[in-house]
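Heads up: the structure comes next, in structure tokens.
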Amino acid sequence: MHKGDCFLKIVLLSIVLSVTKISYGQIPYNYARWDSDGLFLNNGTVMRYISFRGGKISTTSLRIPDSKFNFVNAEIAEPEWVLESDEQFQKGQLRKEQNPLEFSFLKNGISINGNSGWKIIGIENIARGQGKGAVLKLVREDIGLSITYLLYPNLPVIRKRLEFINLGENEIRIENLDIESLNLPWGNTHNMVYRNYARNKHIGPFIGEWDDPLVAMQSKNQNRGILIGNEAPDVLKRISACLDEKSLKAGLTYSDQDYPFRIWLEPGETWKSPWTFIIPYTGVTPSEAISGTLASYVREHMGIRLTELQNKPTFVYNTWNPFRKEINEKLILELAKAASECGIEEFVIDDGWQTNRGDWEIDYNKFPNGLKPVFDSIKTMGMKPGLWLALATVEEGSRILQEHPEWCVKYSDGSPTSVHAKVKNKYTVCMTSGWKDYIRDVILNLVHEHGLEYLKLDLAIVTGAYMFDRSRSGCYSKEHTHKDREESFLEIYNSTWQLFDELHAKAPELFIDCTFETMGALQTIDYDMCKHAEGNWLSNFEQQVPWGSQRVRQMAWWRSNVIPATALVIGNQTMDDPQWELSMKSLIGTLPIMLRDPRKVPTDDKQKMRKWADWMQEKQKSFNIMMYRQDLLGFGEPQEGNWDGWCRINTKSKQGGFENKRTVRISGLHPDQIYNIHHAPKNKLVAQLSGLELKEKGFEVFIADKYGGEVYSVEQR
């Protein structure tokens, strides 16, 4: 938590809002303007009006320019310049509802929301990156609240965050926090919810969970909708819809849920919530809004780590399958030589290199010369060396556990425990204790002294993907920086993200792979992780082709709808499978990673694999394809008996990409430009078509095998 200086209390209470009526007329796109009646946000692509009436703060208008539709149902509390072109409102065709709550929370068990009688003490312009907007400052009794709204150039996105300050003399408890709270303008029975990474449909009241970083609300009758996103961490995120027939909310988990959010504020202390965002859209499907506006926002403005990483990997190897912990220097060097011949870029040594989980010292029985000469050899072969670590797990007998038993996560009875699984002799340490700085220094030593460049961080820190006793999650300790178990959830996530940020500050090009087990739920990934780590090991699919490769494509299809595809590290497809090429073609839609024994790959296959690797690297250098992936029109979820496909079109430059399937049509290109379609990896020219022809007619793809795939590049001539 961020400690606020006491003088802030005095400043906040002494500020007086001084505004005058503004004659708007033709409103320029200046992002934020306000008067004594309300705050108007406008970037030319989305407009939002927040009304101030009688101590009530409420969004009464949410619109897209040139559209007569208001995406918020509310009492008519808008100035004439908002209403004058709205025929629906003039004719009284929309229901008049109670104003949206704007936000809501429990303070010491008492419900408070935007209608709870707030005093406005100031409004300020704000700029953050390319985002611009306003901060609305409020006071009610002993609590101060700042609401930040950000808009971005040429995108109908409004991002929102709350900041609390305790202005009283006693500590306060914040729970059940909804950062965003709006009213849908269409009925519950006509609201189609797209949940579970916006892939599954749901009708009726809805409460989301960790697999809902983004949810689409679509009015099927009106062909319009709202995307609502939540940048809170994993098991703490909550999006709800229509629980009272009309409301749409995004924030943190409630006190009656399995992983409840809570924050305590001492007098003078401040706390900032995670961000949420909304994207209203009309005339398009949810998928089009997601692949267009959402993808641009995530890639260009959210602040994800992949954007910062200059050299993005395109082909990774990991030792886990089949060697498990049975590794040594001789084996690693043999595997590295064979992997380099296959075109591998990152060579990751998994579990087994260390003496124990906790001290993280090199096992010199396995690596008599240490890791540095091994890493140096890997680099000489043209690859980046990587290691696996269990981020917050210690074993009995480790020196660090004996020295600092107080760092352990505690169960309700005060005993040390593991939140990963019910095991003996292994414990989880709390990231809000001194462990965070200790493990940071261990990792930085591996980076600076040994040359580590890829870091796979594993096993649970907050709650276990395989732990069904929900009480064995979070930390009950009274010796760490969190006040109680409920507060520990968010504090542990935030401390982990701080660790990642500190690592990147010292090693900007370090690739951090934060596995789903570390995140805390099965095969989960979200925006908050993507802002602090580059990738997430999502699975362990060890089936051979075709079933394993099909599961890879299913997982990629499921998650890449809303999450950057290159953050998806999907294991464990094998290099020595005779049909490895279908796995390769399936993996190209994510961050390609392969396992097993590259020494067993025939020479001809090594050469072919190297061609694929070179082809992927060349396309990444030319078109930055690793930052893009879109659904391919006409193809759905991969499943037995169906064709499936995707494309990775650089929609910013409108160049490059690849896709596979039968008659393939591609949108998002320049209609008048001519594009060359090459068959990979040999770059055989198969067609020359304009962007318009690619969109309307497409080109034919033939796959002879029952289980097969083809990959093509589309490049501007």
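Ordered as shown in the structure tokens, chains take letters A, B, and onward, while each chain numbers its residues from 1 and ligands are numbered from 1 in the order shown.
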
Just list the residues in range 305-543 of chain A DSSP gives alpha helix (DSSP H) on the backbone, as a ChimeraX atom specification. /A:305-308,320-323,329-341,372-380,399-403,435-445,485-506,516-519,527-530

Residue neighbourhood Glu395 in chain A, 10 Å, only C-alpha atoms, exclusion window fewer than 6 positions, as a PyMOL selection string: chain A and resi 356-359+401-402+424-428

Same residues, N, CA and C atoms, output as an mmCIF file, in the first residue's frame:
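The result, written out as part_8.cif:
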data_model
loop_
_atom_site.group_PDB
_atom_site.id
_atom_site.type_symbol
_atom_site.label_atom_id
_atom_site.label_comp_id
_atom_site.auth_asym_id
_atom_site.auth_seq_id
_atom_site.Cartn_x
_atom_site.Cartn_y
_atom_site.Cartn_z
ATOM 1 N N ASN A 356 18.192 -27.395 -3.531
ATOM 2 C CA ASN A 356 16.871 -27.462 -2.908
ATOM 3 C C ASN A 356 16.052 -26.252 -3.319
ATOM 4 N N ARG A 357 14.765 -26.331 -3.020
ATOM 5 C CA ARG A 357 13.882 -25.197 -3.275
ATOM 6 C C ARG A 357 13.909 -24.307 -2.035
ATOM 7 N N GLY A 358 14.521 -23.189 -2.176
ATOM 8 C CA GLY A 358 14.651 -22.277 -1.044
ATOM 9 C C GLY A 358 15.977 -21.551 -1.075
ATOM 10 N N ASP A 359 17.068 -22.306 -0.975
ATOM 11 C CA ASP A 359 18.398 -21.691 -1.043
ATOM 12 C C ASP A 359 18.791 -21.376 -2.479
ATOM 13 N N LEU A 401 14.977 -21.316 5.282
ATOM 14 C CA LEU A 401 13.823 -21.610 6.129
ATOM 15 C C LEU A 401 14.228 -21.648 7.591
ATOM 16 N N GLN A 402 15.390 -22.201 7.878
ATOM 17 C CA GLN A 402 15.865 -22.251 9.260
ATOM 18 C C GLN A 402 16.161 -20.855 9.796
ATOM 19 N N LYS A 424 4.055 -32.654 2.379
ATOM 20 C CA LYS A 424 4.901 -32.593 3.566
ATOM 21 C C LYS A 424 6.260 -32.015 3.183
ATOM 22 N N ASN A 425 6.844 -31.347 4.141
ATOM 23 C CA ASN A 425 8.231 -30.878 4.027
ATOM 24 C C ASN A 425 8.434 -29.752 3.022
ATOM 25 N N LYS A 426 7.364 -29.180 2.499
ATOM 26 C CA LYS A 426 7.462 -28.029 1.610
ATOM 27 C C LYS A 426 6.443 -26.984 2.045
ATOM 28 N N TYR A 427 6.860 -25.731 2.008
ATOM 29 C CA TYR A 427 6.017 -24.643 2.485
ATOM 30 C C TYR A 427 6.039 -23.487 1.487
ATOM 31 N N THR A 428 4.957 -22.691 1.510
ATOM 32 C CA THR A 428 4.915 -21.465 0.729
ATOM 33 C C THR A 428 5.390 -20.318 1.606
#

Go through A:Val298, A:Leu150, A:Leu692, A:Ala465 and flag the residue nearest Trp210 in chain A, using only C-alpha atoms for the distances.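 Between A:Val298, A:Leu150, A:Leu692, A:Ala465, the residue approaching Trp210 in chain A most closely is A:Ala465.
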
Would you pick out the contacts of range 340-349 of chain A at 9 Å or less, using only C-alpha atoms, so that residues sharing its chain but fewer than 3 positions from it are not included, and give the list as a PyMOL selection string? chain A and resi 313-320+327+332+335-337+352-353+378+381-388+453-456+593+598+601+603+605-614

Using the selection just defined, write its residues with C-alpha atoms as a short mmCIF file (atom, residue, chain, number, x, y, z; two decimals), in the first residue's frame.
data_model
loop_
_atom_site.label_atom_id
_atom_site.label_comp_id
_atom_site.auth_asym_id
_atom_site.auth_seq_id
_atom_site.Cartn_x
_atom_site.Cartn_y
_atom_site.Cartn_z
CA PRO A 313 11.35 -14.84 -28.74
CA THR A 314 9.86 -16.95 -31.50
CA PHE A 315 11.04 -20.50 -30.62
CA VAL A 316 11.71 -21.91 -27.13
CA TYR A 317 12.95 -25.26 -25.79
CA ASN A 318 12.43 -26.62 -22.26
CA THR A 319 13.97 -29.72 -20.64
CA TRP A 320 11.04 -30.77 -18.41
CA ILE A 327 19.65 -33.40 -15.71
CA ILE A 332 22.38 -30.10 -21.10
CA LEU A 335 20.66 -31.07 -25.76
CA ALA A 336 21.72 -27.48 -26.40
CA LYS A 337 23.81 -28.46 -29.42
CA GLY A 352 16.67 -30.18 -11.10
CA TRP A 353 19.62 -27.76 -11.43
CA ILE A 378 24.37 -21.95 -24.83
CA MET A 381 25.40 -21.66 -29.91
CA GLY A 382 23.18 -18.63 -30.62
CA MET A 383 20.57 -19.16 -27.89
CA LYS A 384 19.50 -17.41 -24.69
CA PRO A 385 19.77 -19.46 -21.46
CA GLY A 386 16.81 -19.85 -19.13
CA LEU A 387 16.04 -21.43 -15.74
CA TRP A 388 13.05 -22.66 -13.77
CA GLU A 453 17.94 -14.30 -19.85
CA TYR A 454 14.71 -16.35 -19.55
CA LEU A 455 13.05 -17.03 -16.19
CA LYS A 456 10.27 -19.57 -15.66
CA ILE A 593 7.74 -23.90 -27.35
CA PRO A 598 16.20 -32.84 -29.80
CA VAL A 601 15.30 -35.53 -34.21
CA THR A 603 18.95 -34.62 -39.48
CA ASP A 605 13.84 -32.88 -39.70
CA LYS A 606 16.35 -30.65 -37.90
CA GLN A 607 16.98 -28.83 -41.15
CA LYS A 608 13.26 -28.48 -41.81
CA MET A 609 12.67 -27.29 -38.26
CA ARG A 610 15.45 -24.75 -38.70
CA LYS A 611 13.73 -23.42 -41.81
CA TRP A 612 10.57 -22.90 -39.79
CA ALA A 613 12.55 -21.15 -37.05
CA ASP A 614 14.31 -18.88 -39.54
#

Which one of A:Thr189, A:Asn311, A:Asn365, A:Gln222 sits closest to Glu326 in chain A if you count only C-alpha atoms?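 Of all the options, A:Asn365 lies closest to Glu326 in chain A.
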
Using DSSP on the backbone coordinates, identify all residues within range 460-638 of chain A classified as strand (DSSP E); present the result as a list in words.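 Written out, the strand (DSSP E) residues of range 460-638 of chain A are Phe511, Ile512, Asp513, Cys514, Asn536, Trp537, Leu538, Ser539, Asn540, Leu568, Val569, Ile570, Gly571, Ile593, Met594, Gln630 and Asp631 of chain A.
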
Just how far from CA of Arg399 in chain A is CA of Glu329 in chain A, in Å to one decimal? 24.9 Å

Residues within 12 Å of Tyr466 in chain A, only C-alpha atoms, excluding chain neighbours under 4 positions, as a short mmCIF file (atom, residue, chain, number, x, y, z; two decimals) with N, CA, C and O atoms, in the first residue's frame:
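Saved as out07.cif:
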data_model
loop_
_atom_site.label_atom_id
_atom_site.label_comp_id
_atom_site.auth_asym_id
_atom_site.auth_seq_id
_atom_site.Cartn_x
_atom_site.Cartn_y
_atom_site.Cartn_z
N SER A 418 1.50 -24.91 2.89
CA SER A 418 1.68 -24.75 1.45
C SER A 418 0.33 -24.46 0.83
O SER A 418 -0.64 -25.18 1.07
N VAL A 419 0.25 -23.40 0.01
CA VAL A 419 -1.00 -23.11 -0.69
C VAL A 419 -1.01 -23.77 -2.06
O VAL A 419 -2.02 -23.69 -2.77
N HIS A 420 0.10 -24.44 -2.44
CA HIS A 420 0.17 -25.09 -3.75
C HIS A 420 -0.53 -26.44 -3.73
O HIS A 420 -1.31 -26.76 -4.64
N ALA A 421 -0.26 -27.23 -2.72
CA ALA A 421 -0.86 -28.56 -2.59
C ALA A 421 -0.61 -29.06 -1.18
O ALA A 421 0.25 -28.54 -0.46
N LYS A 422 -1.36 -30.07 -0.78
CA LYS A 422 -1.17 -30.66 0.54
C LYS A 422 0.03 -31.61 0.49
O LYS A 422 -0.08 -32.76 0.08
N VAL A 423 1.19 -31.10 0.87
CA VAL A 423 2.43 -31.87 0.81
C VAL A 423 3.17 -31.72 2.13
O VAL A 423 2.94 -30.79 2.90
N LEU A 459 4.78 -22.61 -9.42
CA LEU A 459 4.12 -23.01 -8.18
C LEU A 459 3.41 -21.84 -7.50
O LEU A 459 3.72 -20.68 -7.73
N ALA A 460 2.44 -22.16 -6.64
CA ALA A 460 1.49 -21.18 -6.14
C ALA A 460 2.11 -20.17 -5.18
O ALA A 460 3.04 -20.49 -4.42
N ARG A 470 -10.56 -24.06 0.01
CA ARG A 470 -10.36 -22.63 -0.21
C ARG A 470 -9.80 -21.94 1.03
O ARG A 470 -9.23 -20.84 0.92
N ARG A 472 -7.34 -22.84 2.62
CA ARG A 472 -5.88 -22.91 2.50
C ARG A 472 -5.44 -22.04 1.32
O ARG A 472 -4.90 -22.52 0.33
N SER A 473 -5.74 -20.77 1.44
CA SER A 473 -5.31 -19.78 0.45
C SER A 473 -5.11 -18.47 1.17
O SER A 473 -5.70 -18.23 2.24
N PHE A 516 0.67 -20.53 -14.90
CA PHE A 516 -0.70 -20.50 -14.37
C PHE A 516 -0.73 -20.97 -12.93
O PHE A 516 -1.58 -20.53 -12.15
N GLU A 517 0.18 -21.87 -12.54
CA GLU A 517 0.22 -22.31 -11.15
C GLU A 517 0.57 -21.16 -10.21
O GLU A 517 0.03 -21.05 -9.11
N THR A 518 1.48 -20.30 -10.64
CA THR A 518 1.82 -19.13 -9.85
C THR A 518 0.65 -18.15 -9.81
O THR A 518 0.37 -17.54 -8.76
N GLY A 520 -2.53 -18.92 -9.90
CA GLY A 520 -3.41 -19.43 -8.86
C GLY A 520 -4.62 -20.21 -9.31
O GLY A 520 -5.38 -20.70 -8.47
N ALA A 521 -4.87 -20.33 -10.62
CA ALA A 521 -6.02 -21.10 -11.10
C ALA A 521 -5.63 -21.82 -12.38
O ALA A 521 -4.67 -21.45 -13.06
N LEU A 522 -6.39 -22.83 -12.73
CA LEU A 522 -6.04 -23.67 -13.87
C LEU A 522 -6.00 -22.88 -15.17
O LEU A 522 -6.98 -22.22 -15.54
N GLN A 523 -4.84 -22.91 -15.82
CA GLN A 523 -4.66 -22.36 -17.17
C GLN A 523 -5.18 -20.93 -17.28
O GLN A 523 -5.77 -20.53 -18.27
#

Atomic separation - CA of Leu227 in chain A relative to CA of Thr293 in chain A, Å: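 According to the coordinates, CA of Thr293 in chain A and CA of Leu227 in chain A are separated by 9.9 Å.
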
Extract, using only C-alpha atoms, all DNA, RNA and protein residues at most 6 Å from range 191-204 of chain A, discarding same-chain residues fewer than 2 positions from it, and format them as a list in words. Asn188, Thr189, Asp211, Asp212, Val215, Ala216, Met217, Gln218 and Ser219 of chain A
